[in-house]
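Peer 1: Structure file coords_21.pdb, PDB, N, CA and C atoms, is pasted below:
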ATOM      1  N   MET A 303      27.577 -77.301  42.491  1.00  0.00           N
ATOM      2  CA  MET A 303      26.957 -76.120  43.034  1.00  0.00           C
ATOM      3  C   MET A 303      27.868 -75.555  44.123  1.00  0.00           C
ATOM      4  N   ALA A 304      28.115 -74.259  44.072  1.00  0.00           N
ATOM      5  CA  ALA A 304      28.930 -73.597  45.091  1.00  0.00           C
ATOM      6  C   ALA A 304      28.157 -73.534  46.401  1.00  0.00           C
ATOM      7  N   GLN A 305      28.893 -73.613  47.489  1.00  0.00           N
ATOM      8  CA  GLN A 305      28.275 -73.544  48.804  1.00  0.00           C
ATOM      9  C   GLN A 305      28.846 -72.374  49.581  1.00  0.00           C
ATOM     10  N   ILE A 306      28.009 -71.746  50.365  1.00  0.00           N
ATOM     11  CA  ILE A 306      28.436 -70.688  51.260  1.00  0.00           C
ATOM     12  C   ILE A 306      28.664 -71.339  52.618  1.00  0.00           C
ATOM     13  N   ARG A 307      29.885 -71.180  53.137  1.00  0.00           N
ATOM     14  CA  ARG A 307      30.173 -71.715  54.472  1.00  0.00           C
ATOM     15  C   ARG A 307      29.827 -70.651  55.496  1.00  0.00           C
ATOM     16  N   VAL A 308      29.022 -71.041  56.465  1.00  0.00           N
ATOM     17  CA  VAL A 308      28.615 -70.124  57.524  1.00  0.00           C
ATOM     18  C   VAL A 308      29.081 -70.699  58.849  1.00  0.00           C
ATOM     19  N   THR A 309      29.776 -69.885  59.623  1.00  0.00           N
ATOM     20  CA  THR A 309      30.163 -70.297  60.976  1.00  0.00           C
ATOM     21  C   THR A 309      29.629 -69.256  61.953  1.00  0.00           C
ATOM     22  N   VAL A 310      29.205 -69.740  63.110  1.00  0.00           N
ATOM     23  CA  VAL A 310      28.647 -68.863  64.132  1.00  0.00           C
ATOM     24  C   VAL A 310      29.461 -69.010  65.405  1.00  0.00           C
ATOM     25  N   GLN A 311      29.864 -67.879  65.949  1.00  0.00           N
ATOM     26  CA  GLN A 311      30.616 -67.835  67.199  1.00  0.00           C
ATOM     27  C   GLN A 311      29.649 -67.917  68.380  1.00  0.00           C
ATOM     28  N   PRO A 312      30.119 -68.382  69.547  1.00  0.00           N
ATOM     29  CA  PRO A 312      29.263 -68.386  70.739  1.00  0.00           C
ATOM     30  C   PRO A 312      28.741 -66.986  71.087  1.00  0.00           C
ATOM     31  N   SER A 313      29.473 -65.951  70.689  1.00  0.00           N
ATOM     32  CA  SER A 313      29.066 -64.566  70.958  1.00  0.00           C
ATOM     33  C   SER A 313      27.872 -64.131  70.111  1.00  0.00           C
ATOM     34  N   GLY A 314      27.525 -64.928  69.093  1.00  0.00           N
ATOM     35  CA  GLY A 314      26.417 -64.586  68.209  1.00  0.00           C
ATOM     36  C   GLY A 314      26.860 -64.001  66.886  1.00  0.00           C
ATOM     37  N   GLU A 315      28.146 -63.681  66.751  1.00  0.00           N
ATOM     38  CA  GLU A 315      28.671 -63.186  65.482  1.00  0.00           C
ATOM     39  C   GLU A 315      28.776 -64.350  64.497  1.00  0.00           C
ATOM     40  N   ALA A 316      28.809 -64.027  63.208  1.00  0.00           N
ATOM     41  CA  ALA A 316      28.886 -65.071  62.184  1.00  0.00           C
ATOM     42  C   ALA A 316      29.798 -64.626  61.051  1.00  0.00           C
ATOM     43  N   TYR A 317      30.271 -65.606  60.284  1.00  0.00           N
ATOM     44  CA  TYR A 317      31.071 -65.306  59.095  1.00  0.00           C
ATOM     45  C   TYR A 317      30.572 -66.167  57.942  1.00  0.00           C
ATOM     46  N   LEU A 318      30.342 -65.541  56.802  1.00  0.00           N
ATOM     47  CA  LEU A 318      29.932 -66.246  55.592  1.00  0.00           C
ATOM     48  C   LEU A 318      31.099 -66.203  54.621  1.00  0.00           C
ATOM     49  N   ALA A 319      31.702 -67.357  54.365  1.00  0.00           N
ATOM     50  CA  ALA A 319      32.805 -67.454  53.410  1.00  0.00           C
ATOM     51  C   ALA A 319      32.200 -67.669  52.031  1.00  0.00           C
ATOM     52  N   LEU A 320      32.523 -66.786  51.101  1.00  0.00           N
ATOM     53  CA  LEU A 320      31.902 -66.814  49.784  1.00  0.00           C
ATOM     54  C   LEU A 320      32.821 -67.369  48.706  1.00  0.00           C
ATOM     55  N   VAL A 321      33.797 -68.165  49.099  1.00  0.00           N
ATOM     56  CA  VAL A 321      34.719 -68.777  48.144  1.00  0.00           C
ATOM     57  C   VAL A 321      34.724 -70.289  48.359  1.00  0.00           C
ATOM     58  N   VAL A 322      35.042 -71.022  47.313  1.00  0.00           N
ATOM     59  CA  VAL A 322      35.162 -72.472  47.398  1.00  0.00           C
ATOM     60  C   VAL A 322      36.635 -72.793  47.603  1.00  0.00           C
ATOM     61  N   GLY A 323      36.931 -73.704  48.502  1.00  0.00           N
ATOM     62  CA  GLY A 323      38.317 -74.074  48.763  1.00  0.00           C
ATOM     63  C   GLY A 323      38.958 -73.191  49.807  1.00  0.00           C
ATOM     64  N   GLU A 324      40.255 -73.043  49.683  1.00  0.00           N
ATOM     65  CA  GLU A 324      41.035 -72.260  50.645  1.00  0.00           C
ATOM     66  C   GLU A 324      40.618 -70.789  50.609  1.00  0.00           C
ATOM     67  N   PRO A 325      40.256 -70.230  51.771  1.00  0.00           N
ATOM     68  CA  PRO A 325      39.865 -68.817  51.781  1.00  0.00           C
ATOM     69  C   PRO A 325      41.045 -67.914  51.413  1.00  0.00           C
ATOM     70  N   PRO A 326      40.818 -66.914  50.597  1.00  0.00           N
ATOM     71  CA  PRO A 326      41.898 -65.999  50.218  1.00  0.00           C
ATOM     72  C   PRO A 326      42.220 -65.046  51.364  1.00  0.00           C
ATOM     73  N   GLU A 327      43.366 -64.402  51.260  1.00  0.00           N
ATOM     74  CA  GLU A 327      43.726 -63.373  52.225  1.00  0.00           C
ATOM     75  C   GLU A 327      42.800 -62.173  52.005  1.00  0.00           C
ATOM     76  N   VAL A 328      42.260 -61.666  53.100  1.00  0.00           N
ATOM     77  CA  VAL A 328      41.399 -60.493  53.009  1.00  0.00           C
ATOM     78  C   VAL A 328      42.293 -59.263  52.919  1.00  0.00           C
ATOM     79  N   ARG A 329      42.129 -58.501  51.856  1.00  0.00           N
ATOM     80  CA  ARG A 329      42.935 -57.294  51.641  1.00  0.00           C
ATOM     81  C   ARG A 329      42.234 -56.061  52.182  1.00  0.00           C
ATOM     82  N   ASP A 330      40.928 -55.977  51.975  1.00  0.00           N
ATOM     83  CA  ASP A 330      40.159 -54.814  52.404  1.00  0.00           C
ATOM     84  C   ASP A 330      38.844 -55.252  53.021  1.00  0.00           C
ATOM     85  N   SER A 331      38.401 -54.486  54.003  1.00  0.00           N
ATOM     86  CA  SER A 331      37.103 -54.710  54.633  1.00  0.00           C
ATOM     87  C   SER A 331      36.346 -53.391  54.662  1.00  0.00           C
ATOM     88  N   VAL A 332      35.048 -53.467  54.381  1.00  0.00           N
ATOM     89  CA  VAL A 332      34.222 -52.273  54.352  1.00  0.00           C
ATOM     90  C   VAL A 332      32.987 -52.498  55.222  1.00  0.00           C
ATOM     91  N   ALA A 333      32.821 -51.651  56.219  1.00  0.00           N
ATOM     92  CA  ALA A 333      31.633 -51.725  57.069  1.00  0.00           C
ATOM     93  C   ALA A 333      30.452 -51.141  56.298  1.00  0.00           C
ATOM     94  N   VAL A 334      29.390 -51.892  56.191  1.00  0.00           N
ATOM     95  CA  VAL A 334      28.239 -51.477  55.405  1.00  0.00           C
ATOM     96  C   VAL A 334      27.482 -50.338  56.084  1.00  0.00           C
ATOM     97  N   ASP A 335      27.626 -50.191  57.388  1.00  0.00           N
ATOM     98  CA  ASP A 335      26.915 -49.118  58.079  1.00  0.00           C
ATOM     99  C   ASP A 335      27.388 -47.735  57.647  1.00  0.00           C
ATOM    100  N   ALA A 336      28.485 -47.668  56.914  1.00  0.00           N
ATOM    101  CA  ALA A 336      28.997 -46.393  56.419  1.00  0.00           C
ATOM    102  C   ALA A 336      28.263 -45.914  55.161  1.00  0.00           C
ATOM    103  N   LEU A 337      27.451 -46.774  54.567  1.00  0.00           N
ATOM    104  CA  LEU A 337      26.721 -46.397  53.352  1.00  0.00           C
ATOM    105  C   LEU A 337      25.615 -45.382  53.663  1.00  0.00           C
ATOM    106  N   GLU A 338      25.322 -44.563  52.702  1.00  0.00           N
ATOM    107  CA  GLU A 338      24.352 -43.487  52.865  1.00  0.00           C
ATOM    108  C   GLU A 338      22.976 -43.985  53.314  1.00  0.00           C
ATOM    109  N   ASP A 339      22.489 -45.089  52.769  1.00  0.00           N
ATOM    110  CA  ASP A 339      21.149 -45.587  53.081  1.00  0.00           C
ATOM    111  C   ASP A 339      21.119 -46.587  54.233  1.00  0.00           C
ATOM    112  N   ALA A 340      22.193 -46.735  54.963  1.00  0.00           N
ATOM    113  CA  ALA A 340      22.259 -47.736  56.023  1.00  0.00           C
ATOM    114  C   ALA A 340      21.239 -47.501  57.131  1.00  0.00           C
ATOM    115  N   ASP A 341      20.803 -46.285  57.320  1.00  0.00           N
ATOM    116  CA  ASP A 341      19.820 -45.984  58.366  1.00  0.00           C
ATOM    117  C   ASP A 341      18.471 -46.647  58.115  1.00  0.00           C
ATOM    118  N   ARG A 342      18.149 -46.940  56.865  1.00  0.00           N
ATOM    119  CA  ARG A 342      16.855 -47.535  56.523  1.00  0.00           C
ATOM    120  C   ARG A 342      16.752 -49.001  56.900  1.00  0.00           C
ATOM    121  N   ILE A 343      17.895 -49.702  56.955  1.00  0.00           N
ATOM    122  CA  ILE A 343      17.883 -51.142  57.207  1.00  0.00           C
ATOM    123  C   ILE A 343      18.786 -51.433  58.417  1.00  0.00           C
ATOM    124  N   PRO A 344      18.208 -51.686  59.590  1.00  0.00           N
ATOM    125  CA  PRO A 344      18.994 -51.872  60.810  1.00  0.00           C
ATOM    126  C   PRO A 344      20.051 -52.977  60.726  1.00  0.00           C
ATOM    127  N   ALA A 345      19.806 -54.027  59.958  1.00  0.00           N
ATOM    128  CA  ALA A 345      20.759 -55.137  59.872  1.00  0.00           C
ATOM    129  C   ALA A 345      22.098 -54.710  59.280  1.00  0.00           C
ATOM    130  N   LEU A 346      22.108 -53.644  58.491  1.00  0.00           N
ATOM    131  CA  LEU A 346      23.354 -53.198  57.866  1.00  0.00           C
ATOM    132  C   LEU A 346      24.368 -52.698  58.886  1.00  0.00           C
ATOM    133  N   ASP A 347      23.906 -52.354  60.069  1.00  0.00           N
ATOM    134  CA  ASP A 347      24.796 -51.847  61.109  1.00  0.00           C
ATOM    135  C   ASP A 347      25.813 -52.890  61.555  1.00  0.00           C
ATOM    136  N   GLY A 348      25.519 -54.171  61.375  1.00  0.00           N
ATOM    137  CA  GLY A 348      26.406 -55.231  61.846  1.00  0.00           C
ATOM    138  C   GLY A 348      27.033 -56.057  60.747  1.00  0.00           C
ATOM    139  N   ILE A 349      27.250 -55.481  59.553  1.00  0.00           N
ATOM    140  CA  ILE A 349      27.808 -56.235  58.435  1.00  0.00           C
ATOM    141  C   ILE A 349      29.083 -55.577  57.922  1.00  0.00           C
ATOM    142  N   VAL A 350      30.109 -56.413  57.714  1.00  0.00           N
ATOM    143  CA  VAL A 350      31.368 -55.954  57.130  1.00  0.00           C
ATOM    144  C   VAL A 350      31.654 -56.842  55.920  1.00  0.00           C
ATOM    145  N   LEU A 351      31.933 -56.230  54.773  1.00  0.00           N
ATOM    146  CA  LEU A 351      32.259 -56.967  53.559  1.00  0.00           C
ATOM    147  C   LEU A 351      33.773 -57.126  53.450  1.00  0.00           C
ATOM    148  N   ASP A 352      34.236 -58.349  53.193  1.00  0.00           N
ATOM    149  CA  ASP A 352      35.665 -58.631  53.036  1.00  0.00           C
ATOM    150  C   ASP A 352      35.980 -58.861  51.561  1.00  0.00           C
ATOM    151  N   PHE A 353      37.056 -58.217  51.083  1.00  0.00           N
ATOM    152  CA  PHE A 353      37.470 -58.325  49.689  1.00  0.00           C
ATOM    153  C   PHE A 353      38.880 -58.894  49.596  1.00  0.00           C
ATOM    154  N   ASP A 354      39.130 -59.704  48.556  1.00  0.00           N
ATOM    155  CA  ASP A 354      40.463 -60.275  48.361  1.00  0.00           C
ATOM    156  C   ASP A 354      41.368 -59.267  47.646  1.00  0.00           C
ATOM    157  N   ARG A 355      42.573 -59.685  47.297  1.00  0.00           N
ATOM    158  CA  ARG A 355      43.555 -58.770  46.702  1.00  0.00           C
ATOM    159  C   ARG A 355      43.176 -58.300  45.299  1.00  0.00           C
ATOM    160  N   HIS A 356      42.200 -58.969  44.700  1.00  0.00           N
ATOM    161  CA  HIS A 356      41.722 -58.567  43.378  1.00  0.00           C
ATOM    162  C   HIS A 356      40.474 -57.689  43.465  1.00  0.00           C
ATOM    163  N   GLY A 357      40.049 -57.381  44.685  1.00  0.00           N
ATOM    164  CA  GLY A 357      38.854 -56.566  44.870  1.00  0.00           C
ATOM    165  C   GLY A 357      37.560 -57.340  44.761  1.00  0.00           C
ATOM    166  N   ARG A 358      37.652 -58.677  44.813  1.00  0.00           N
ATOM    167  CA  ARG A 358      36.449 -59.519  44.730  1.00  0.00           C
ATOM    168  C   ARG A 358      35.919 -59.811  46.129  1.00  0.00           C
ATOM    169  N   LEU A 359      34.616 -59.878  46.256  1.00  0.00           N
ATOM    170  CA  LEU A 359      33.977 -60.165  47.531  1.00  0.00           C
ATOM    171  C   LEU A 359      34.319 -61.585  47.959  1.00  0.00           C
ATOM    172  N   ALA A 360      34.928 -61.731  49.131  1.00  0.00           N
ATOM    173  CA  ALA A 360      35.368 -63.043  49.616  1.00  0.00           C
ATOM    174  C   ALA A 360      34.570 -63.525  50.813  1.00  0.00           C
ATOM    175  N   GLY A 361      33.983 -62.603  51.550  1.00  0.00           N
ATOM    176  CA  GLY A 361      33.249 -63.008  52.732  1.00  0.00           C
ATOM    177  C   GLY A 361      32.432 -61.880  53.307  1.00  0.00           C
ATOM    178  N   LEU A 362      31.564 -62.256  54.213  1.00  0.00           N
ATOM    179  CA  LEU A 362      30.685 -61.314  54.866  1.00  0.00           C
ATOM    180  C   LEU A 362      30.758 -61.583  56.358  1.00  0.00           C
ATOM    181  N   ASP A 363      31.167 -60.575  57.108  1.00  0.00           N
ATOM    182  CA  ASP A 363      31.329 -60.705  58.556  1.00  0.00           C
ATOM    183  C   ASP A 363      30.135 -60.056  59.239  1.00  0.00           C
ATOM    184  N   VAL A 364      29.428 -60.825  60.047  1.00  0.00           N
ATOM    185  CA  VAL A 364      28.303 -60.292  60.809  1.00  0.00           C
ATOM    186  C   VAL A 364      28.837 -60.005  62.205  1.00  0.00           C
ATOM    187  N   THR A 365      29.036 -58.725  62.498  1.00  0.00           N
ATOM    188  CA  THR A 365      29.675 -58.337  63.750  1.00  0.00           C
ATOM    189  C   THR A 365      28.696 -58.166  64.895  1.00  0.00           C
ATOM    190  N   GLY A 366      27.424 -58.139  64.585  1.00  0.00           N
ATOM    191  CA  GLY A 366      26.398 -58.053  65.612  1.00  0.00           C
ATOM    192  C   GLY A 366      25.757 -59.419  65.802  1.00  0.00           C
ATOM    193  N   SER A 367      24.541 -59.423  66.228  1.00  0.00           N
ATOM    194  CA  SER A 367      23.817 -60.675  66.432  1.00  0.00           C
ATOM    195  C   SER A 367      23.380 -61.254  65.090  1.00  0.00           C
ATOM    196  N   ALA A 368      23.897 -62.426  64.759  1.00  0.00           N
ATOM    197  CA  ALA A 368      23.554 -63.068  63.487  1.00  0.00           C
ATOM    198  C   ALA A 368      22.058 -63.344  63.394  1.00  0.00           C
ATOM    199  N   ASP A 369      21.405 -63.567  64.532  1.00  0.00           N
ATOM    200  CA  ASP A 369      19.965 -63.826  64.541  1.00  0.00           C
ATOM    201  C   ASP A 369      19.159 -62.665  63.964  1.00  0.00           C
ATOM    202  N   SER A 370      19.663 -61.453  64.117  1.00  0.00           N
ATOM    203  CA  SER A 370      18.921 -60.298  63.626  1.00  0.00           C
ATOM    204  C   SER A 370      19.340 -59.881  62.219  1.00  0.00           C
ATOM    205  N   VAL A 371      20.355 -60.552  61.658  1.00  0.00           N
ATOM    206  CA  VAL A 371      20.870 -60.174  60.342  1.00  0.00           C
ATOM    207  C   VAL A 371      20.626 -61.257  59.296  1.00  0.00           C
ATOM    208  N   LEU A 372      20.788 -62.514  59.664  1.00  0.00           N
ATOM    209  CA  LEU A 372      20.718 -63.623  58.706  1.00  0.00           C
ATOM    210  C   LEU A 372      19.399 -64.383  58.805  1.00  0.00           C
ATOM    211  N   ALA A 373      19.016 -64.994  57.711  1.00  0.00           N
ATOM    212  CA  ALA A 373      17.798 -65.800  57.670  1.00  0.00           C
ATOM    213  C   ALA A 373      17.946 -67.025  58.573  1.00  0.00           C
ATOM    214  N   PRO A 374      16.885 -67.414  59.280  1.00  0.00           N
ATOM    215  CA  PRO A 374      16.951 -68.582  60.155  1.00  0.00           C
ATOM    216  C   PRO A 374      17.430 -69.847  59.439  1.00  0.00           C
ATOM    217  N   SER A 375      17.024 -70.055  58.196  1.00  0.00           N
ATOM    218  CA  SER A 375      17.431 -71.266  57.472  1.00  0.00           C
ATOM    219  C   SER A 375      18.944 -71.291  57.242  1.00  0.00           C
ATOM    220  N   LEU A 376      19.550 -70.143  57.061  1.00  0.00           N
ATOM    221  CA  LEU A 376      20.998 -70.064  56.887  1.00  0.00           C
ATOM    222  C   LEU A 376      21.704 -70.377  58.206  1.00  0.00           C
ATOM    223  N   LEU A 377      21.180 -69.869  59.295  1.00  0.00           N
ATOM    224  CA  LEU A 377      21.776 -70.131  60.611  1.00  0.00           C
ATOM    225  C   LEU A 377      21.641 -71.594  61.018  1.00  0.00           C
ATOM    226  N   GLU A 378      20.554 -72.228  60.641  1.00  0.00           N
ATOM    227  CA  GLU A 378      20.337 -73.641  60.968  1.00  0.00           C
ATOM    228  C   GLU A 378      21.401 -74.523  60.313  1.00  0.00           C
ATOM    229  N   ALA A 379      21.892 -74.128  59.156  1.00  0.00           N
ATOM    230  CA  ALA A 379      22.894 -74.903  58.430  1.00  0.00           C
ATOM    231  C   ALA A 379      24.323 -74.505  58.809  1.00  0.00           C
ATOM    232  N   ALA A 380      24.462 -73.542  59.703  1.00  0.00           N
ATOM    233  CA  ALA A 380      25.794 -73.023  60.062  1.00  0.00           C
ATOM    234  C   ALA A 380      26.571 -73.976  60.938  1.00  0.00           C
ATOM    235  N   ALA A 381      27.898 -73.873  60.824  1.00  0.00           N
ATOM    236  CA  ALA A 381      28.798 -74.632  61.696  1.00  0.00           C
ATOM    237  C   ALA A 381      29.033 -73.816  62.955  1.00  0.00           C
ATOM    238  N   PRO A 382      29.030 -74.451  64.116  1.00  0.00           N
ATOM    239  CA  PRO A 382      29.273 -73.713  65.351  1.00  0.00           C
ATOM    240  C   PRO A 382      30.749 -73.355  65.512  1.00  0.00           C
ATOM    241  N   ALA A 383      30.989 -72.264  66.244  1.00  0.00           N
ATOM    242  CA  ALA A 383      32.326 -71.797  66.604  1.00  0.00           C
ATOM    243  C   ALA A 383      33.297 -71.818  65.436  1.00  0.00           C
ATOM    244  N   GLY A 384      34.561 -71.548  65.697  1.00  0.00           N
ATOM    245  CA  GLY A 384      35.579 -71.530  64.653  1.00  0.00           C
ATOM    246  C   GLY A 384      35.183 -70.688  63.470  1.00  0.00           C
ATOM    247  N   ARG A 385      36.019 -69.828  63.050  1.00  0.00           N
ATOM    248  CA  ARG A 385      35.704 -68.909  61.969  1.00  0.00           C
ATOM    249  C   ARG A 385      36.295 -69.399  60.655  1.00  0.00           C
ATOM    250  N   ALA A 386      35.468 -69.575  59.638  1.00  0.00           N
ATOM    251  CA  ALA A 386      35.936 -70.027  58.329  1.00  0.00           C
ATOM    252  C   ALA A 386      36.385 -68.835  57.515  1.00  0.00           C
ATOM    253  N   ARG A 387      37.589 -68.454  57.682  1.00  0.00           N
ATOM    254  CA  ARG A 387      38.130 -67.308  56.941  1.00  0.00           C
ATOM    255  C   ARG A 387      39.318 -67.695  56.156  1.00  0.00           C
TER     256      ARG A 387
END
Mind turning this structure into C-alpha cells?
Peer 2:
Amino acid sequence: MAQIRVTVQPSGEAYLALVVGEPPEVRDSVAVDALEDADRIPALDGIVLDFDRHGRLAGLDVTGSADSVLAPSLLEAAAPAGRAR
C-alpha cells in the first residue's frame, strides 16, 4: 500500500509527498487559490500543487496553517519539522 508522507513545520505549514521513494524534482507549482472557484472553499487559499517533470502530481504544499486545511487524523500521523520533498 502506498503511503503519503506528511511533514509539519513549527510554523504550521505542511508538505504531503505523494510519491514512494526518492522525491522527484519539482518542475512546476500551481497555487490553488488562483482557481475560479477558490473563493468558495477557504482552505484552497493555502495550497500549492507540485508537479514533476512529466506533469504528474508529486506533492501538496500547505502554505498556511495545516490545522485549517488538513484532517486532524492526517496531522496526527505527520512527522515533525523537516520537509519531505
Peer 1: Taking all atoms listed in the file into account, which of A:Ala373, A:Val310, A:Ile343, A:Leu320 comes nearest Leu359 of chain A?
Peer 2: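 Nearest candidate to Leu359 of chain A out of A:Ala373, A:Val310, A:Ile343, A:Leu320: A:Leu320.
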Peer 1: Counting only C-alpha atoms, what is within 12 Å of Asp369 of chain A, bar same-chain residues fewer than 4 positions away, as an mmCIF file with N, CA and C atoms, in the frame of the given file?
Peer 2:
data_model
loop_
_atom_site.group_PDB
_atom_site.id
_atom_site.type_symbol
_atom_site.label_atom_id
_atom_site.label_comp_id
_atom_site.auth_asym_id
_atom_site.auth_seq_id
_atom_site.Cartn_x
_atom_site.Cartn_y
_atom_site.Cartn_z
ATOM 1 N N VAL A 310 29.205 -69.740 63.110
ATOM 2 C CA VAL A 310 28.647 -68.863 64.132
ATOM 3 C C VAL A 310 29.461 -69.010 65.405
ATOM 4 N N GLN A 311 29.864 -67.879 65.949
ATOM 5 C CA GLN A 311 30.616 -67.835 67.199
ATOM 6 C C GLN A 311 29.649 -67.917 68.380
ATOM 7 N N SER A 313 29.473 -65.951 70.689
ATOM 8 C CA SER A 313 29.066 -64.566 70.958
ATOM 9 C C SER A 313 27.872 -64.131 70.111
ATOM 10 N N GLY A 314 27.525 -64.928 69.093
ATOM 11 C CA GLY A 314 26.417 -64.586 68.209
ATOM 12 C C GLY A 314 26.860 -64.001 66.886
ATOM 13 N N GLU A 315 28.146 -63.681 66.751
ATOM 14 C CA GLU A 315 28.671 -63.186 65.482
ATOM 15 C C GLU A 315 28.776 -64.350 64.497
ATOM 16 N N ALA A 316 28.809 -64.027 63.208
ATOM 17 C CA ALA A 316 28.886 -65.071 62.184
ATOM 18 C C ALA A 316 29.798 -64.626 61.051
ATOM 19 N N ALA A 345 19.806 -54.027 59.958
ATOM 20 C CA ALA A 345 20.759 -55.137 59.872
ATOM 21 C C ALA A 345 22.098 -54.710 59.280
ATOM 22 N N GLY A 348 25.519 -54.171 61.375
ATOM 23 C CA GLY A 348 26.406 -55.231 61.846
ATOM 24 C C GLY A 348 27.033 -56.057 60.747
ATOM 25 N N VAL A 364 29.428 -60.825 60.047
ATOM 26 C CA VAL A 364 28.303 -60.292 60.809
ATOM 27 C C VAL A 364 28.837 -60.005 62.205
ATOM 28 N N THR A 365 29.036 -58.725 62.498
ATOM 29 C CA THR A 365 29.675 -58.337 63.750
ATOM 30 C C THR A 365 28.696 -58.166 64.895
ATOM 31 N N ALA A 373 19.016 -64.994 57.711
ATOM 32 C CA ALA A 373 17.798 -65.800 57.670
ATOM 33 C C ALA A 373 17.946 -67.025 58.573
ATOM 34 N N PRO A 374 16.885 -67.414 59.280
ATOM 35 C CA PRO A 374 16.951 -68.582 60.155
ATOM 36 C C PRO A 374 17.430 -69.847 59.439
ATOM 37 N N SER A 375 17.024 -70.055 58.196
ATOM 38 C CA SER A 375 17.431 -71.266 57.472
ATOM 39 C C SER A 375 18.944 -71.291 57.242
ATOM 40 N N LEU A 376 19.550 -70.143 57.061
ATOM 41 C CA LEU A 376 20.998 -70.064 56.887
ATOM 42 C C LEU A 376 21.704 -70.377 58.206
ATOM 43 N N LEU A 377 21.180 -69.869 59.295
ATOM 44 C CA LEU A 377 21.776 -70.131 60.611
ATOM 45 C C LEU A 377 21.641 -71.594 61.018
ATOM 46 N N GLU A 378 20.554 -72.228 60.641
ATOM 47 C CA GLU A 378 20.337 -73.641 60.968
ATOM 48 C C GLU A 378 21.401 -74.523 60.313
ATOM 49 N N ALA A 380 24.462 -73.542 59.703
ATOM 50 C CA ALA A 380 25.794 -73.023 60.062
ATOM 51 C C ALA A 380 26.571 -73.976 60.938
#
Peer 1: If DSSP is run on the backbone, what residues of chain A are helix (DSSP H, G or I)? A reply as a PDB file with N, CA and C atoms, keeping the file's coordinate frame would be ideal.
Peer 2:
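Result file follows (part25.pdb):
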ATOM      1  N   VAL A 334      29.390 -51.892  56.191  1.00  0.00           N
ATOM      2  CA  VAL A 334      28.239 -51.477  55.405  1.00  0.00           C
ATOM      3  C   VAL A 334      27.482 -50.338  56.084  1.00  0.00           C
ATOM      4  N   ASP A 335      27.626 -50.191  57.388  1.00  0.00           N
ATOM      5  CA  ASP A 335      26.915 -49.118  58.079  1.00  0.00           C
ATOM      6  C   ASP A 335      27.388 -47.735  57.647  1.00  0.00           C
ATOM      7  N   ALA A 336      28.485 -47.668  56.914  1.00  0.00           N
ATOM      8  CA  ALA A 336      28.997 -46.393  56.419  1.00  0.00           C
ATOM      9  C   ALA A 336      28.263 -45.914  55.161  1.00  0.00           C
ATOM     10  N   ALA A 340      22.193 -46.735  54.963  1.00  0.00           N
ATOM     11  CA  ALA A 340      22.259 -47.736  56.023  1.00  0.00           C
ATOM     12  C   ALA A 340      21.239 -47.501  57.131  1.00  0.00           C
ATOM     13  N   ASP A 341      20.803 -46.285  57.320  1.00  0.00           N
ATOM     14  CA  ASP A 341      19.820 -45.984  58.366  1.00  0.00           C
ATOM     15  C   ASP A 341      18.471 -46.647  58.115  1.00  0.00           C
ATOM     16  N   ARG A 342      18.149 -46.940  56.865  1.00  0.00           N
ATOM     17  CA  ARG A 342      16.855 -47.535  56.523  1.00  0.00           C
ATOM     18  C   ARG A 342      16.752 -49.001  56.900  1.00  0.00           C
ATOM     19  N   PRO A 344      18.208 -51.686  59.590  1.00  0.00           N
ATOM     20  CA  PRO A 344      18.994 -51.872  60.810  1.00  0.00           C
ATOM     21  C   PRO A 344      20.051 -52.977  60.726  1.00  0.00           C
ATOM     22  N   ALA A 345      19.806 -54.027  59.958  1.00  0.00           N
ATOM     23  CA  ALA A 345      20.759 -55.137  59.872  1.00  0.00           C
ATOM     24  C   ALA A 345      22.098 -54.710  59.280  1.00  0.00           C
ATOM     25  N   LEU A 346      22.108 -53.644  58.491  1.00  0.00           N
ATOM     26  CA  LEU A 346      23.354 -53.198  57.866  1.00  0.00           C
ATOM     27  C   LEU A 346      24.368 -52.698  58.886  1.00  0.00           C
ATOM     28  N   ASP A 347      23.906 -52.354  60.069  1.00  0.00           N
ATOM     29  CA  ASP A 347      24.796 -51.847  61.109  1.00  0.00           C
ATOM     30  C   ASP A 347      25.813 -52.890  61.555  1.00  0.00           C
ATOM     31  N   GLY A 348      25.519 -54.171  61.375  1.00  0.00           N
ATOM     32  CA  GLY A 348      26.406 -55.231  61.846  1.00  0.00           C
ATOM     33  C   GLY A 348      27.033 -56.057  60.747  1.00  0.00           C
ATOM     34  N   ALA A 368      23.897 -62.426  64.759  1.00  0.00           N
ATOM     35  CA  ALA A 368      23.554 -63.068  63.487  1.00  0.00           C
ATOM     36  C   ALA A 368      22.058 -63.344  63.394  1.00  0.00           C
ATOM     37  N   ASP A 369      21.405 -63.567  64.532  1.00  0.00           N
ATOM     38  CA  ASP A 369      19.965 -63.826  64.541  1.00  0.00           C
ATOM     39  C   ASP A 369      19.159 -62.665  63.964  1.00  0.00           C
ATOM     40  N   SER A 370      19.663 -61.453  64.117  1.00  0.00           N
ATOM     41  CA  SER A 370      18.921 -60.298  63.626  1.00  0.00           C
ATOM     42  C   SER A 370      19.340 -59.881  62.219  1.00  0.00           C
ATOM     43  N   PRO A 374      16.885 -67.414  59.280  1.00  0.00           N
ATOM     44  CA  PRO A 374      16.951 -68.582  60.155  1.00  0.00           C
ATOM     45  C   PRO A 374      17.430 -69.847  59.439  1.00  0.00           C
ATOM     46  N   SER A 375      17.024 -70.055  58.196  1.00  0.00           N
ATOM     47  CA  SER A 375      17.431 -71.266  57.472  1.00  0.00           C
ATOM     48  C   SER A 375      18.944 -71.291  57.242  1.00  0.00           C
ATOM     49  N   LEU A 376      19.550 -70.143  57.061  1.00  0.00           N
ATOM     50  CA  LEU A 376      20.998 -70.064  56.887  1.00  0.00           C
ATOM     51  C   LEU A 376      21.704 -70.377  58.206  1.00  0.00           C
ATOM     52  N   LEU A 377      21.180 -69.869  59.295  1.00  0.00           N
ATOM     53  CA  LEU A 377      21.776 -70.131  60.611  1.00  0.00           C
ATOM     54  C   LEU A 377      21.641 -71.594  61.018  1.00  0.00           C
ATOM     55  N   GLU A 378      20.554 -72.228  60.641  1.00  0.00           N
ATOM     56  CA  GLU A 378      20.337 -73.641  60.968  1.00  0.00           C
ATOM     57  C   GLU A 378      21.401 -74.523  60.313  1.00  0.00           C
TER      58      GLU A 378
END
Peer 1: Which distance in Å separates atom C of Asp352 of chain A and atom N of Arg307 of chain A, to one decimal?
Peer 2: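 These two atoms are separated by 13.8 Å.
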